[in-house]
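Asker: My structure is below; once you've seen it, I'll send some questions.
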Amino acid sequence: MLKEISYWTYFFLLKRKYLKDGGHKSDSVMFISVCLFFNIASIIYVIEYYANFKLPRLPITTKWELTSWIYAAIVLVPFVVFVYKRYFKQDKLQVLLEEYSKKSKTRLMIGRFFFFIYCIFTWIGSYVILAYFQH
């Protein structure tokens, strides 16, 4: 599933003219990592709601506080490492690009549709879950 997301994120960011010198690769890794984090956090939030317990919260408060940046980095680093090693190392990225260059137009259109649905559900769904599953 993440292979499809990885390809389309890379594909769309590669088309951006303002990203130079590999910026599209690092932005792709970060975008997918944040999406994974939002999805896992949403699942945990729903489980907390139905199980009627609450995990301790990290003290991430504002962008002006150094400890907030440290905690955010600690939380996101495993996601970034996983996505980079699994999909964006140079040899794996080339294999991924070659694999998708051989797919039919119909298959690519289905993949693009899946990517947009995933992004919509990830970003909007996270906010909906926060709004409706308050505890």
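In the structure tokens, the first chain shown is A, the next is B, and so on; residue numbers restart at 1 for each chain, and ligands run from 1 in the order shown.
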Need to verify the contact set: Ile5 (chain A), 9 Å, only C-alpha atoms, exclusion of same-chain residues closer than 2 positions in sequence. Can you return it as an NGL selection string?
Answerer: :A and (1-3 or 7-10 or 32 or 111-112 or 114-115 or 118-119)
Asker: Residues of chain A in helix (DSSP H, G or I) according to DSSP, as a ChimeraX atom specification?
Answerer: /A:2-14,23-51,66-88,90-101,105-132
Asker: Have a look at CA of Ile120 (chain A) and CA of Pro56 (chain A) and let me know their distance in Å, one decimal.
Answerer: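 Computed distance, CA of Ile120 (chain A) to CA of Pro56 (chain A), equals 28.3 Å.
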Asker: Report as CSV the residues of region 70-131 of chain A within 10 Å of region 35-48 of chain A, each with its shortest atom pair and distance in Å (one decimal), using only C-alpha atoms, ordered by chain and increasing residue number.
Answerer:
```
residue,atom,partner,partner_atom,distance
A:Val75,CA,A:Phe37,CA,8.5
A:Leu76,CA,A:Phe37,CA,7.3
A:Pro78,CA,A:Phe37,CA,9.8
A:Phe79,CA,A:Phe37,CA,7.2
A:Val80,CA,A:Leu36,CA,9.6
A:Val83,CA,A:Leu36,CA,9.3
A:Tyr118,CA,A:Cys35,CA,9.1
A:Cys119,CA,A:Cys35,CA,7.8
A:Phe121,CA,A:Asn39,CA,9.2
A:Thr122,CA,A:Asn39,CA,6.3
A:Trp123,CA,A:Cys35,CA,7.5
A:Gly125,CA,A:Ser42,CA,8.2
A:Ser126,CA,A:Ser42,CA,5.9
A:Tyr127,CA,A:Ser42,CA,8.9
A:Val128,CA,A:Ser42,CA,9.5
A:Ile129,CA,A:Ser42,CA,6.6
A:Leu130,CA,A:Ser42,CA,7.7
```
Asker: Please report the interatomic distance between CA of His24 (chain A) and CA of Lys103 (chain A) in Å with one decimal.
Answerer: 22.3 Å
Asker: Which residue is closest to Lys54 (chain A)? Choose from A:Gln134, A:Ile117, A:Val34, A:Lys105 and count only C-alpha atoms.
Answerer: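 Under the stated criterion, the closest residue is A:Gln134.
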Asker: Near Ser26 (chain A), within 12 Å and counting only C-alpha atoms, which residues show up once chain neighbours fewer than 2 positions away are dropped, as a ChimeraX atom specification?
Answerer: /A:6,9-10,13-14,19-24,28-33,80-81,83-84,87-89
